[in-house]
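Enquirer: Pasting in a structure now, in structure tokens, and then I'll have a few things to ask.
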Amino acid sequence: MYAAVFLDRDGTIIKDKGYINSVSDVEFYDFTFSSLRTLASYFKLFIVTNQAGIAQGLISFEQLEAIHNFILDKLRNEGIKIEKIYTCPHSAEDKCGCRKPEIKSVIDATKEFNIDLQRSYVIGDHLSDALLGVNSGARGIYVLTGHGMKHRKHITAETERRIIITKSLKFAVEKIIKEIRKK
Ligand SMILES: [Mg+2]
Ligand SMILES: [Zn+2]
């Protein structure tokens, strides 16, 4: 079985600019490529993204696909393989199973790619990302880029004990590498 890292997109690997619908709005953080290259030598990588802008008609599936192809190409050129991008196109009211922190996407990946969730991580700038980790039996890491800093005050002490909080993807990766070297 493989260990995996499930990465949030906006505010985690690219800057959060709201519901973007053009590749010209895609801007990677300066630490994204080196961080993901390090992770990729230990883990299978996935992107899991909530895109309620589709349900709201703010962005089309075609626009989203163009953005995701652009991201995958760029990462591939940087030597980083993303196995699959899981997108939830629904809004919260749809009560679907694929909107983070619901775990359908992670469970699907587990089956398709033979993933061991106990050795896996979810990284993102919303509590729903960290809770996707907790809910699926992986570890959840909350980063303070994107919306992370703004929403941190809403995390209760009880929840904070169940997740890991780091400044950015870069620090999350350092933390993960430290953890796996201890084992
Ligand atoms: Mg995000
Ligand atoms: Zn969904």
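So you can find residues: chains in the structure tokens are A, B, ... in the order shown, residues in each start at 1, and ligands are numbered from 1 in order.
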For range 46-63 of chain A, list every protein, DNA or RNA residue within 8 Å, evaluated using only C-alpha atoms, and leave out those in the same chain fewer than 3 positions away; present the list as a list in words.
Expert: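 Result of the neighbour search: Ala4, Val5, Phe6, Leu7, Asp8, Arg9, Asp10, Tyr19, Ile20, Asn21, Ser22, Ala66, Ile67, Ile82, Glu83, Lys84, Ile85, Tyr86, Thr87, Cys88, Pro89, His90, Ser91, Ala92, Arg99, Lys100 and Ser105 of chain A.
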Enquirer: Emit the selected residues as a short mmCIF file (atom, residue, chain, number, x, y, z; two decimals), in the first residue's frame, including N, CA, C and O atoms.
Expert:
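And here is the file that came out, again_30.cif:
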```cif
data_model
loop_
_atom_site.label_atom_id
_atom_site.label_comp_id
_atom_site.auth_asym_id
_atom_site.auth_seq_id
_atom_site.Cartn_x
_atom_site.Cartn_y
_atom_site.Cartn_z
N ALA A 4 -0.19 8.64 1.05
CA ALA A 4 -0.59 9.71 0.14
C ALA A 4 -0.67 11.05 0.88
O ALA A 4 -0.86 11.08 2.09
N VAL A 5 -0.52 12.13 0.11
CA VAL A 5 -0.86 13.45 0.63
C VAL A 5 -1.93 14.04 -0.28
O VAL A 5 -1.77 14.11 -1.49
N PHE A 6 -3.03 14.42 0.33
CA PHE A 6 -4.15 15.05 -0.36
C PHE A 6 -4.02 16.56 -0.13
O PHE A 6 -4.07 17.02 1.02
N LEU A 7 -3.84 17.28 -1.22
CA LEU A 7 -3.56 18.71 -1.14
C LEU A 7 -4.77 19.53 -1.54
O LEU A 7 -5.41 19.26 -2.58
N ASP A 8 -5.07 20.53 -0.73
CA ASP A 8 -6.05 21.52 -1.15
C ASP A 8 -5.41 22.36 -2.27
O ASP A 8 -4.19 22.41 -2.39
N ARG A 9 -6.22 22.99 -3.09
CA ARG A 9 -5.68 23.79 -4.20
C ARG A 9 -5.51 25.26 -3.77
O ARG A 9 -4.40 25.71 -3.52
N ASP A 10 -6.63 25.98 -3.65
CA ASP A 10 -6.58 27.44 -3.42
C ASP A 10 -6.15 27.76 -1.99
O ASP A 10 -6.72 27.27 -1.03
N TYR A 19 -13.11 32.59 -6.88
CA TYR A 19 -13.43 31.62 -7.93
C TYR A 19 -12.79 32.05 -9.24
O TYR A 19 -13.34 32.85 -9.99
N ILE A 20 -11.61 31.51 -9.51
CA ILE A 20 -10.90 31.91 -10.73
C ILE A 20 -11.45 31.14 -11.92
O ILE A 20 -11.88 30.00 -11.80
N ASN A 21 -11.48 31.78 -13.09
CA ASN A 21 -11.94 31.05 -14.28
C ASN A 21 -10.98 31.19 -15.46
O ASN A 21 -11.33 30.88 -16.59
N SER A 22 -9.76 31.63 -15.18
CA SER A 22 -8.77 31.74 -16.25
C SER A 22 -7.41 31.27 -15.73
O SER A 22 -7.07 31.51 -14.57
N ALA A 66 -9.61 23.48 -17.89
CA ALA A 66 -8.45 24.19 -18.45
C ALA A 66 -7.48 24.59 -17.34
O ALA A 66 -6.26 24.46 -17.48
N ILE A 67 -8.03 25.07 -16.23
CA ILE A 67 -7.19 25.47 -15.10
C ILE A 67 -6.47 24.26 -14.52
O ILE A 67 -5.26 24.31 -14.24
N ILE A 82 1.00 14.52 -10.07
CA ILE A 82 -0.25 14.47 -9.30
C ILE A 82 -1.07 13.32 -9.87
O ILE A 82 -1.33 13.28 -11.08
N GLU A 83 -1.45 12.37 -9.02
CA GLU A 83 -2.15 11.18 -9.52
C GLU A 83 -3.52 11.53 -10.07
O GLU A 83 -3.95 11.01 -11.10
N LYS A 84 -4.22 12.42 -9.36
CA LYS A 84 -5.59 12.75 -9.76
C LYS A 84 -6.06 14.00 -9.02
O LYS A 84 -5.63 14.23 -7.88
N ILE A 85 -6.92 14.77 -9.67
CA ILE A 85 -7.57 15.89 -8.98
C ILE A 85 -9.03 15.51 -8.74
O ILE A 85 -9.73 15.12 -9.67
N TYR A 86 -9.46 15.59 -7.50
CA TYR A 86 -10.86 15.35 -7.14
C TYR A 86 -11.53 16.69 -6.92
O TYR A 86 -11.09 17.48 -6.07
N THR A 87 -12.58 16.96 -7.69
CA THR A 87 -13.29 18.23 -7.57
C THR A 87 -14.71 17.99 -7.08
O THR A 87 -15.42 17.13 -7.61
N CYS A 88 -15.13 18.73 -6.07
CA CYS A 88 -16.55 18.76 -5.70
C CYS A 88 -17.15 19.99 -6.34
O CYS A 88 -16.77 21.11 -6.01
N PRO A 89 -18.09 19.81 -7.29
CA PRO A 89 -18.69 20.96 -7.97
C PRO A 89 -19.96 21.45 -7.28
O PRO A 89 -20.65 22.34 -7.78
N HIS A 90 -20.29 20.86 -6.12
CA HIS A 90 -21.57 21.13 -5.46
C HIS A 90 -21.47 22.31 -4.49
O HIS A 90 -20.39 22.75 -4.14
N SER A 91 -22.64 22.77 -4.05
CA SER A 91 -22.65 23.77 -2.99
C SER A 91 -22.99 23.07 -1.68
O SER A 91 -23.42 21.91 -1.68
N ALA A 92 -22.81 23.77 -0.58
CA ALA A 92 -23.04 23.16 0.74
C ALA A 92 -24.46 22.60 0.86
O ALA A 92 -24.69 21.55 1.44
N ARG A 99 -17.98 16.94 -0.90
CA ARG A 99 -17.53 18.26 -0.46
C ARG A 99 -16.78 18.13 0.86
O ARG A 99 -17.32 17.65 1.84
N LYS A 100 -15.50 18.55 0.87
CA LYS A 100 -14.73 18.46 2.11
C LYS A 100 -15.47 19.15 3.24
O LYS A 100 -16.03 20.22 2.99
N SER A 105 -14.09 11.46 -1.78
CA SER A 105 -12.95 11.54 -2.70
C SER A 105 -11.76 10.75 -2.16
O SER A 105 -11.10 10.01 -2.91
#
```
Enquirer: To check your reading of the model: which residues sit at most 7 Å from ligand 1 when counting only C-alpha atoms and all ligand atoms? Write the answer as an mmCIF file with all heavy atoms, in the first residue's frame.
Expert:
```cif
data_model
loop_
_atom_site.group_PDB
_atom_site.id
_atom_site.type_symbol
_atom_site.label_atom_id
_atom_site.label_comp_id
_atom_site.auth_asym_id
_atom_site.auth_seq_id
_atom_site.Cartn_x
_atom_site.Cartn_y
_atom_site.Cartn_z
ATOM 1 N N ASP A 8 -5.072 20.526 -0.731
ATOM 2 C CA ASP A 8 -6.047 21.521 -1.152
ATOM 3 C C ASP A 8 -5.409 22.360 -2.267
ATOM 4 O O ASP A 8 -4.186 22.409 -2.394
ATOM 5 C CB ASP A 8 -6.406 22.390 0.056
ATOM 6 C CG ASP A 8 -7.247 23.577 -0.317
ATOM 7 O OD1 ASP A 8 -8.249 23.387 -1.025
ATOM 8 O OD2 ASP A 8 -6.890 24.703 0.096
ATOM 9 N N ARG A 9 -6.221 22.995 -3.094
ATOM 10 C CA ARG A 9 -5.679 23.794 -4.195
ATOM 11 C C ARG A 9 -5.513 25.264 -3.774
ATOM 12 O O ARG A 9 -4.396 25.710 -3.524
ATOM 13 C CB ARG A 9 -6.636 23.684 -5.416
ATOM 14 C CG ARG A 9 -6.053 24.147 -6.723
ATOM 15 C CD ARG A 9 -7.123 24.291 -7.812
ATOM 16 N NE ARG A 9 -7.816 25.570 -7.710
ATOM 17 C CZ ARG A 9 -8.796 25.961 -8.532
ATOM 18 N NH1 ARG A 9 -9.245 25.161 -9.490
ATOM 19 N NH2 ARG A 9 -9.349 27.146 -8.383
ATOM 20 N N ASP A 10 -6.629 25.978 -3.654
ATOM 21 C CA ASP A 10 -6.578 27.435 -3.425
ATOM 22 C C ASP A 10 -6.150 27.762 -1.990
ATOM 23 O O ASP A 10 -6.723 27.269 -1.032
ATOM 24 C CB ASP A 10 -7.953 28.057 -3.689
ATOM 25 C CG ASP A 10 -8.464 27.722 -5.078
ATOM 26 O OD1 ASP A 10 -7.632 27.448 -5.970
ATOM 27 O OD2 ASP A 10 -9.689 27.714 -5.274
ATOM 28 N N GLY A 11 -5.149 28.609 -1.866
ATOM 29 C CA GLY A 11 -4.683 29.013 -0.541
ATOM 30 C C GLY A 11 -3.679 28.036 0.044
ATOM 31 O O GLY A 11 -3.188 28.232 1.151
ATOM 32 N N THR A 12 -3.374 26.968 -0.724
ATOM 33 C CA THR A 12 -2.436 25.956 -0.229
ATOM 34 C C THR A 12 -1.284 25.740 -1.216
ATOM 35 O O THR A 12 -0.130 25.891 -0.862
ATOM 36 C CB THR A 12 -3.168 24.628 0.040
ATOM 37 O OG1 THR A 12 -4.235 24.869 0.961
ATOM 38 C CG2 THR A 12 -2.212 23.579 0.616
ATOM 39 N N ASP A 16 -5.045 32.065 -3.224
ATOM 40 C CA ASP A 16 -6.507 32.070 -3.279
ATOM 41 C C ASP A 16 -6.978 33.416 -3.812
ATOM 42 O O ASP A 16 -6.845 34.445 -3.158
ATOM 43 C CB ASP A 16 -7.084 31.811 -1.888
ATOM 44 C CG ASP A 16 -8.590 31.552 -1.957
ATOM 45 O OD1 ASP A 16 -9.257 32.121 -2.849
ATOM 46 O OD2 ASP A 16 -9.094 30.767 -1.139
ATOM 47 N N GLY A 124 -4.446 21.747 4.040
ATOM 48 C CA GLY A 124 -5.238 22.826 3.458
ATOM 49 C C GLY A 124 -5.425 24.002 4.394
ATOM 50 O O GLY A 124 -5.088 23.935 5.580
ATOM 51 N N ASP A 125 -5.982 25.085 3.836
ATOM 52 C CA ASP A 125 -6.098 26.341 4.589
ATOM 53 C C ASP A 125 -7.480 26.553 5.196
ATOM 54 O O ASP A 125 -7.775 27.638 5.683
ATOM 55 C CB ASP A 125 -5.738 27.535 3.689
ATOM 56 C CG ASP A 125 -6.770 27.766 2.598
ATOM 57 O OD1 ASP A 125 -7.193 26.781 1.955
ATOM 58 O OD2 ASP A 125 -7.170 28.925 2.386
ATOM 59 N N HIS A 126 -8.335 25.534 5.141
ATOM 60 C CA HIS A 126 -9.634 25.614 5.813
ATOM 61 C C HIS A 126 -9.742 24.449 6.788
ATOM 62 O O HIS A 126 -9.135 23.395 6.570
ATOM 63 C CB HIS A 126 -10.795 25.552 4.811
ATOM 64 C CG HIS A 126 -11.109 26.868 4.171
ATOM 65 N ND1 HIS A 126 -10.673 27.189 2.903
ATOM 66 C CD2 HIS A 126 -11.790 27.946 4.629
ATOM 67 C CE1 HIS A 126 -11.083 28.412 2.607
ATOM 68 N NE2 HIS A 126 -11.762 28.897 3.635
ATOM 69 N N GLY A 146 -3.486 31.508 2.476
ATOM 70 C CA GLY A 146 -4.880 31.568 1.989
ATOM 71 C C GLY A 146 -5.796 32.158 3.048
ATOM 72 O O GLY A 146 -5.535 33.237 3.563
ATOM 73 N N HIS A 147 -6.844 31.400 3.400
ATOM 74 C CA HIS A 147 -7.785 31.867 4.425
ATOM 75 C C HIS A 147 -7.396 31.402 5.830
ATOM 76 O O HIS A 147 -8.113 31.665 6.786
ATOM 77 C CB HIS A 147 -9.197 31.360 4.109
ATOM 78 C CG HIS A 147 -9.817 32.031 2.927
ATOM 79 N ND1 HIS A 147 -11.149 31.889 2.606
ATOM 80 C CD2 HIS A 147 -9.297 32.846 1.979
ATOM 81 C CE1 HIS A 147 -11.411 32.589 1.503
ATOM 82 N NE2 HIS A 147 -10.305 33.170 1.102
#
```
Enquirer: Would you compute the distance between CA of Glu102 in chain A and CA of Ile164 in chain A? Give it in Å to one decimal.
Expert: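 Separating CA of Glu102 in chain A from CA of Ile164 in chain A is a distance of 18.9 Å.
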Enquirer: Could you list, as an MDAnalysis selection string, every residue within 8 Å of Tyr29 in chain A, counting only C-alpha atoms and ignoring same-chain residues fewer than 6 positions away?
Expert: chainID A and resid 13:15
Enquirer: Take the residues from that selection and write them out as a PDB file, in the first residue's frame, keeping N, CA and C atoms.
Expert:
```pdb
ATOM      1  N   ILE A  13      -1.616  25.421  -2.490  1.00  0.00           N
ATOM      2  CA  ILE A  13      -0.539  25.303  -3.486  1.00  0.00           C
ATOM      3  C   ILE A  13      -0.540  26.477  -4.478  1.00  0.00           C
ATOM      4  N   ILE A  14      -1.728  27.100  -4.685  1.00  0.00           N
ATOM      5  CA  ILE A  14      -1.759  28.356  -5.449  1.00  0.00           C
ATOM      6  C   ILE A  14      -2.463  29.411  -4.589  1.00  0.00           C
ATOM      7  N   LYS A  15      -2.219  30.665  -4.903  1.00  0.00           N
ATOM      8  CA  LYS A  15      -2.819  31.750  -4.119  1.00  0.00           C
ATOM      9  C   LYS A  15      -4.332  31.746  -4.306  1.00  0.00           C
TER      10      LYS A  15
END
```
